[in-house]
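Have a look at the structure below, then the notes.
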Amino acid sequence: MAILTRDGANLFYETAGQGQTLILIPGANGTGDIFKPASMFLKEHFTVVTYDRRGFGQSKLTEDMPQEVTDLHSTYRLKTDAADVAALAQAVSGQEQVFIMGSSSGSIVAMETLQDFPEIVKQIAFHESPINTLLPDTEKWQDINAEIVTIALTENFALGMEKFAAAMRTVELDQKMMSRPGVDLSDMDNPEVQGMDYWFRYEIRQYTSREIDFNAFKQHRNKIRLLNGTDSKGSFPQDVMHGISDYLDLPIYDIPGAHLGYIQKPEGFATTLMALFR
């Protein structure tokens with residue numbers, strides 16, 4: 001384990017294995033430990049970097065965030081997340097390009113990284129992204145996310161998560177894990193609950209509504225891999241990935257598991273990712 005000092009935050013990260021660097025970007029839970037099952041296989045071929053995104057887990061904020069972060073169109077957190085990925089890449093790999101895989105809202109961080117720091121990327125994978133700005137009914141989805149946030153913050157997190165799961169058409173396999181079994185969602189002293197609060201306030205609306213320049217990604221098509229889980233067919237993120245696939249004229253690769261496939265079927269998830277990253 002190590003700490004990378006950044007403007008506004010101290011980033012907790014871990015490395016395992018040897019070979020070219022692969023950075024794994026977590027989604028809503030924000031902590032890199034979710035990738036440990038898959039990392040056990042990936043580390044045979046890569047130097048795997050897992051980390052807690054700033055504000056989550058053991059990555060602590062050292063400065064107050066600007067007031068704008070609650071605004072729907074604030075890019076502050078995504079910009080700092082992408083810059084953090086670039087800093088991790090330099091810390092671990094120096095000037096060598098790295099592999100990156102971002103899952104769920106972590107895929108939006110990966111997109112921002114490719115947009116802002118294309119020079120560091122050797123290949124990059126977007127796994128089941130919930131970004132909605134390529135969809136024809138973007139405003140509808142932004143309204144739905146705003147309603148979810150309001151319910152979570154004015155009523156309770158459990159109901160907010162229930163509404164979120166319904167909107168995302170989350171499959172049962174994922175629902176069981178996302179419901180945080182055994183965790184009291186009203187216990188604000190629990191780091192997991194604190195992370196959920198952070199996600200509701202500053203991420204679910206701001207990240208999914210990000211206006212990524214997908215047209216610019218066409219020049220990086222050879223670097224991009226699009227991933228959908230074999231067990232989450234029919235979910236909202238899978239629809240998003242098909243929209244990205246059509247726009248960039250890129251294939252979608254099936255990867256074992258559902259939205260949390262790296263936990264559910266870690267060996268198959270890792271094996272597929274290794275086959276796509278060459």
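Chain labels follow the order of the structure tokens: the first chain is A, the next B, and so on; residue numbering restarts at 1 in every chain, and ligands are counted from 1 in their shown order.
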
Return as a PyMOL selection string the full set of residues in range 3-242 of chain A whose backbone-based DSSP assignment is strand (DSSP E).
chain A and resi 3-6+9-17+20-25+46-51+60-61+98-103+121-127+224-229

Please save N, CA and C atoms of the selected residues as a tab-separated table (two decimals), in the first residue's frame.
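Contents of the output file result-v3.tsv:
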```
chain	number	residue	atom	x	y	z
A	3	ILE	N	0.64	5.93	-0.41
A	3	ILE	CA	-0.14	7.16	-0.47
A	3	ILE	C	0.50	8.09	-1.49
A	4	LEU	N	-0.32	8.59	-2.43
A	4	LEU	CA	0.13	9.57	-3.40
A	4	LEU	C	-0.46	10.92	-3.02
A	5	THR	N	0.40	11.89	-2.72
A	5	THR	CA	-0.07	13.22	-2.32
A	5	THR	C	-0.42	14.02	-3.56
A	6	ARG	N	-1.67	14.52	-3.56
A	6	ARG	CA	-2.18	15.30	-4.69
A	6	ARG	C	-2.74	16.62	-4.17
A	9	ALA	N	-6.01	16.16	-1.97
A	9	ALA	CA	-6.29	14.81	-1.50
A	9	ALA	C	-5.02	13.99	-1.35
A	10	ASN	N	-5.08	13.01	-0.48
A	10	ASN	CA	-4.06	11.97	-0.39
A	10	ASN	C	-4.68	10.67	-0.89
A	11	LEU	N	-4.13	10.13	-1.97
A	11	LEU	CA	-4.70	8.94	-2.61
A	11	LEU	C	-4.07	7.67	-2.07
A	12	PHE	N	-4.91	6.77	-1.61
A	12	PHE	CA	-4.47	5.45	-1.17
A	12	PHE	C	-4.49	4.51	-2.37
A	13	TYR	N	-3.37	3.81	-2.61
A	13	TYR	CA	-3.35	2.86	-3.71
A	13	TYR	C	-2.47	1.66	-3.37
A	14	GLU	N	-2.68	0.58	-4.10
A	14	GLU	CA	-1.91	-0.64	-3.93
A	14	GLU	C	-1.51	-1.16	-5.30
A	15	THR	N	-0.39	-1.83	-5.37
A	15	THR	CA	0.05	-2.47	-6.60
A	15	THR	C	0.30	-3.95	-6.32
A	16	ALA	N	0.09	-4.77	-7.34
A	16	ALA	CA	0.33	-6.20	-7.22
A	16	ALA	C	0.75	-6.74	-8.58
A	17	GLY	N	1.64	-7.72	-8.56
A	17	GLY	CA	2.05	-8.37	-9.80
A	17	GLY	C	3.21	-7.70	-10.48
A	20	GLN	N	3.31	-4.85	-17.53
A	20	GLN	CA	2.81	-3.52	-17.86
A	20	GLN	C	1.70	-3.12	-16.88
A	21	THR	N	1.59	-1.81	-16.68
A	21	THR	CA	0.67	-1.30	-15.65
A	21	THR	C	-0.78	-1.31	-16.14
A	22	LEU	N	-1.66	-1.80	-15.27
A	22	LEU	CA	-3.10	-1.79	-15.50
A	22	LEU	C	-3.75	-1.09	-14.31
A	23	ILE	N	-4.41	0.03	-14.57
A	23	ILE	CA	-5.11	0.78	-13.52
A	23	ILE	C	-6.60	0.45	-13.59
A	24	LEU	N	-7.17	0.02	-12.46
A	24	LEU	CA	-8.58	-0.32	-12.38
A	24	LEU	C	-9.32	0.78	-11.63
A	25	ILE	N	-10.34	1.36	-12.28
A	25	ILE	CA	-11.06	2.50	-11.70
A	25	ILE	C	-12.42	2.03	-11.19
A	46	PHE	N	0.02	-8.43	-15.32
A	46	PHE	CA	0.13	-6.98	-15.22
A	46	PHE	C	0.63	-6.56	-13.84
A	47	THR	N	1.16	-5.36	-13.77
A	47	THR	CA	1.27	-4.66	-12.49
A	47	THR	C	-0.08	-3.98	-12.28
A	48	VAL	N	-0.87	-4.54	-11.42
A	48	VAL	CA	-2.25	-4.07	-11.23
A	48	VAL	C	-2.29	-2.97	-10.17
A	49	VAL	N	-2.87	-1.84	-10.53
A	49	VAL	CA	-3.01	-0.72	-9.60
A	49	VAL	C	-4.48	-0.59	-9.22
A	50	THR	N	-4.76	-0.75	-7.93
A	50	THR	CA	-6.11	-0.48	-7.41
A	50	THR	C	-6.00	0.67	-6.43
A	51	TYR	N	-7.03	1.49	-6.37
A	51	TYR	CA	-6.95	2.68	-5.51
A	51	TYR	C	-8.34	3.12	-5.09
A	60	LYS	N	-8.19	10.43	1.44
A	60	LYS	CA	-8.79	11.52	2.21
A	60	LYS	C	-8.63	12.87	1.52
A	61	LEU	N	-9.68	13.67	1.57
A	61	LEU	CA	-9.60	15.04	1.09
A	61	LEU	C	-8.79	15.87	2.06
A	98	VAL	N	-0.07	3.20	-20.12
A	98	VAL	CA	-0.70	2.21	-19.24
A	98	VAL	C	-2.01	1.71	-19.83
A	99	PHE	N	-2.44	0.56	-19.32
A	99	PHE	CA	-3.77	0.04	-19.59
A	99	PHE	C	-4.71	0.54	-18.50
A	100	ILE	N	-5.96	0.82	-18.88
A	100	ILE	CA	-6.94	1.33	-17.92
A	100	ILE	C	-8.27	0.62	-18.14
A	101	MET	N	-8.93	0.22	-17.04
A	101	MET	CA	-10.29	-0.30	-17.13
A	101	MET	C	-11.13	0.40	-16.08
A	102	GLY	N	-12.21	1.05	-16.52
A	102	GLY	CA	-13.14	1.69	-15.61
A	102	GLY	C	-14.49	1.03	-15.69
A	103	SER	N	-15.09	0.74	-14.54
A	103	SER	CA	-16.39	0.08	-14.50
A	103	SER	C	-17.46	1.01	-13.96
A	121	VAL	N	-2.39	6.67	-22.34
A	121	VAL	CA	-3.21	5.48	-22.54
A	121	VAL	C	-2.66	4.59	-23.65
A	122	LYS	N	-2.39	3.34	-23.29
A	122	LYS	CA	-2.05	2.34	-24.30
A	122	LYS	C	-3.32	1.69	-24.82
A	123	GLN	N	-4.13	1.18	-23.92
A	123	GLN	CA	-5.47	0.69	-24.25
A	123	GLN	C	-6.37	0.96	-23.06
A	124	ILE	N	-7.67	1.10	-23.34
A	124	ILE	CA	-8.61	1.49	-22.29
A	124	ILE	C	-9.94	0.79	-22.50
A	125	ALA	N	-10.54	0.34	-21.41
A	125	ALA	CA	-11.82	-0.38	-21.49
A	125	ALA	C	-12.88	0.34	-20.68
A	126	PHE	N	-14.07	0.47	-21.27
A	126	PHE	CA	-15.24	1.03	-20.59
A	126	PHE	C	-16.20	-0.12	-20.33
A	127	HIS	N	-16.47	-0.38	-19.06
A	127	HIS	CA	-17.35	-1.50	-18.68
A	127	HIS	C	-18.68	-0.96	-18.15
A	224	ILE	N	-9.66	1.62	-27.69
A	224	ILE	CA	-10.86	1.50	-26.86
A	224	ILE	C	-11.46	0.10	-26.95
A	225	ARG	N	-11.84	-0.44	-25.79
A	225	ARG	CA	-12.57	-1.70	-25.70
A	225	ARG	C	-13.87	-1.43	-24.95
A	226	LEU	N	-14.98	-1.92	-25.49
A	226	LEU	CA	-16.30	-1.75	-24.88
A	226	LEU	C	-16.75	-3.09	-24.30
A	227	LEU	N	-17.18	-3.08	-23.03
A	227	LEU	CA	-17.49	-4.32	-22.33
A	227	LEU	C	-18.90	-4.32	-21.75
A	228	ASN	N	-19.64	-5.41	-21.99
A	228	ASN	CA	-20.93	-5.66	-21.35
A	228	ASN	C	-20.90	-7.02	-20.69
A	229	GLY	N	-21.50	-7.12	-19.50
A	229	GLY	CA	-21.54	-8.39	-18.79
A	229	GLY	C	-22.46	-9.40	-19.43
```

Skip range 258-267 of chain A itself and residues of its chain fewer than 5 positions away, then list as a VMD selection string all residues within 8 Å of it, counting only C-alpha atoms.
chain A and resid 34 to 35 37 to 38 41 104 128 171 173 to 174 228 to 232

Closest atom pairs, range 16-71 of chain A residues within 12 Å of range 129-145 of chain A, only C-alpha atoms, as a tab-separated table:
```
residue	atom	partner	partner_atom	distance
A:Pro26	CA	A:Ser129	CA	11.7
A:Gly27	CA	A:Ser129	CA	9.4
A:Ala28	CA	A:Pro130	CA	10.7
```

Find the nearest atom pair between each residue of range 52-130 of chain A and range 204-217 of chain A for residues within 8 Å, count only C-alpha atoms, give distances in Å to one decimal, sort rows by chain and ascending number, and present the table as JSON lines.
```
{"residue": "A:Thr70", "atom": "CA", "partner": "A:Gln206", "partner_atom": "CA", "distance": 7.9}
{"residue": "A:Asp71", "atom": "CA", "partner": "A:Gln206", "partner_atom": "CA", "distance": 7.2}
{"residue": "A:Leu72", "atom": "CA", "partner": "A:Gln206", "partner_atom": "CA", "distance": 4.9}
{"residue": "A:His73", "atom": "CA", "partner": "A:Gln206", "partner_atom": "CA", "distance": 5.7}
{"residue": "A:Ser74", "atom": "CA", "partner": "A:Gln206", "partner_atom": "CA", "distance": 6.2}
{"residue": "A:Thr75", "atom": "CA", "partner": "A:Gln206", "partner_atom": "CA", "distance": 7.2}
{"residue": "A:Leu78", "atom": "CA", "partner": "A:Tyr207", "partner_atom": "CA", "distance": 7.0}
{"residue": "A:Ser105", "atom": "CA", "partner": "A:Tyr207", "partner_atom": "CA", "distance": 6.9}
{"residue": "A:Ile108", "atom": "CA", "partner": "A:Tyr207", "partner_atom": "CA", "distance": 6.7}
{"residue": "A:Met111", "atom": "CA", "partner": "A:Ile212", "partner_atom": "CA", "distance": 7.3}
{"residue": "A:Glu112", "atom": "CA", "partner": "A:Ile212", "partner_atom": "CA", "distance": 7.1}
{"residue": "A:Gln115", "atom": "CA", "partner": "A:Asp213", "partner_atom": "CA", "distance": 7.3}
{"residue": "A:Pro130", "atom": "CA", "partner": "A:Thr208", "partner_atom": "CA", "distance": 6.0}
```

Restrict the selected residues to N, CA, C and O atoms and save them as a PDB file, in the first residue's frame.
```
ATOM      1  N   THR A  70     -21.950  20.453  -6.193  1.00  0.00           N
ATOM      2  CA  THR A  70     -23.320  19.952  -6.118  1.00  0.00           C
ATOM      3  C   THR A  70     -24.111  20.251  -7.384  1.00  0.00           C
ATOM      4  O   THR A  70     -25.190  19.693  -7.585  1.00  0.00           O
ATOM      5  N   ASP A  71     -23.579  21.114  -8.237  1.00  0.00           N
ATOM      6  CA  ASP A  71     -24.275  21.500  -9.471  1.00  0.00           C
ATOM      7  C   ASP A  71     -24.274  20.354 -10.469  1.00  0.00           C
ATOM      8  O   ASP A  71     -23.286  19.620 -10.600  1.00  0.00           O
ATOM      9  N   LEU A  72     -25.373  20.197 -11.194  1.00  0.00           N
ATOM     10  CA  LEU A  72     -25.532  19.107 -12.156  1.00  0.00           C
ATOM     11  C   LEU A  72     -24.394  19.046 -13.160  1.00  0.00           C
ATOM     12  O   LEU A  72     -23.921  17.967 -13.523  1.00  0.00           O
ATOM     13  N   HIS A  73     -23.941  20.204 -13.615  1.00  0.00           N
ATOM     14  CA  HIS A  73     -22.945  20.234 -14.685  1.00  0.00           C
ATOM     15  C   HIS A  73     -21.524  20.523 -14.185  1.00  0.00           C
ATOM     16  O   HIS A  73     -20.646  20.841 -14.981  1.00  0.00           O
ATOM     17  N   SER A  74     -21.307  20.371 -12.904  1.00  0.00           N
ATOM     18  CA  SER A  74     -19.960  20.554 -12.374  1.00  0.00           C
ATOM     19  C   SER A  74     -19.037  19.454 -12.908  1.00  0.00           C
ATOM     20  O   SER A  74     -19.376  18.270 -12.899  1.00  0.00           O
ATOM     21  N   THR A  75     -17.876  19.859 -13.363  1.00  0.00           N
ATOM     22  CA  THR A  75     -16.882  18.897 -13.853  1.00  0.00           C
ATOM     23  C   THR A  75     -15.700  18.768 -12.899  1.00  0.00           C
ATOM     24  O   THR A  75     -14.748  18.041 -13.186  1.00  0.00           O
ATOM     25  N   LEU A  78     -14.847  15.089 -11.722  1.00  0.00           N
ATOM     26  CA  LEU A  78     -14.384  14.251 -12.828  1.00  0.00           C
ATOM     27  C   LEU A  78     -13.006  14.679 -13.303  1.00  0.00           C
ATOM     28  O   LEU A  78     -12.144  13.836 -13.603  1.00  0.00           O
ATOM     29  N   SER A 105     -19.615   4.010 -13.078  1.00  0.00           N
ATOM     30  CA  SER A 105     -19.229   5.421 -13.132  1.00  0.00           C
ATOM     31  C   SER A 105     -17.720   5.577 -13.218  1.00  0.00           C
ATOM     32  O   SER A 105     -17.215   6.612 -13.649  1.00  0.00           O
ATOM     33  N   ILE A 108     -16.729   6.410 -16.635  1.00  0.00           N
ATOM     34  CA  ILE A 108     -16.814   7.824 -17.013  1.00  0.00           C
ATOM     35  C   ILE A 108     -15.523   8.531 -16.614  1.00  0.00           C
ATOM     36  O   ILE A 108     -15.034   9.420 -17.335  1.00  0.00           O
ATOM     37  N   MET A 111     -13.220   7.654 -19.330  1.00  0.00           N
ATOM     38  CA  MET A 111     -13.479   8.474 -20.511  1.00  0.00           C
ATOM     39  C   MET A 111     -12.851   9.859 -20.363  1.00  0.00           C
ATOM     40  O   MET A 111     -12.232  10.382 -21.299  1.00  0.00           O
ATOM     41  N   GLU A 112     -13.021  10.437 -19.188  1.00  0.00           N
ATOM     42  CA  GLU A 112     -12.440  11.760 -18.928  1.00  0.00           C
ATOM     43  C   GLU A 112     -10.916  11.690 -19.025  1.00  0.00           C
ATOM     44  O   GLU A 112     -10.271  12.612 -19.533  1.00  0.00           O
ATOM     45  N   GLN A 115      -9.948  11.570 -22.612  1.00  0.00           N
ATOM     46  CA  GLN A 115     -10.192  12.887 -23.205  1.00  0.00           C
ATOM     47  C   GLN A 115      -9.100  13.885 -22.819  1.00  0.00           C
ATOM     48  O   GLN A 115      -8.618  14.647 -23.666  1.00  0.00           O
ATOM     49  N   PRO A 130     -22.899   4.150 -17.204  1.00  0.00           N
ATOM     50  CA  PRO A 130     -24.231   4.733 -17.053  1.00  0.00           C
ATOM     51  C   PRO A 130     -24.339   6.152 -17.608  1.00  0.00           C
ATOM     52  O   PRO A 130     -25.342   6.839 -17.363  1.00  0.00           O
TER      53      PRO A 130
END
```

Give me the residues near Thr80 in chain A as an MDAnalysis selection string, where near means some atom within 10 Å (using only C-alpha atoms) and where sequence neighbours in that chain fewer than 3 positions away do not count.
chainID A and resid 6:9 53:54 75:77 83:86 109 112:113

Which distance in Å separates CA of Leu42 in chain A and CA of Ser107 in chain A, to one decimal?
18.4 Å

If you run DSSP on the backbone, which residues of range 160-266 of chain A are alpha helix (DSSP H), as a PyMOL selection string?
chain A and resi 160-167+172-178+191-202+204-208+214-217+236-248+261-264+266

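Distances to Glu172 in chain A were evaluated for A:Asn190, A:Thr154, A:Gln219, A:Ser235 using only C-alpha atoms, and the minimum falls at A:Ser235.
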
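Counting only C-alpha atoms, Glu96 in chain A has the following residues at most 8 Å away, ignoring those fewer than 3 positions along the same chain: Gln90, Ser93 and Ile120 of chain A.
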
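Among A:Gly55, A:Gln18, A:Asp239, A:Lys163, the residue with the shortest atom-to-atom distance to Gln194 in chain A, counting only C-alpha atoms, is A:Gly55.
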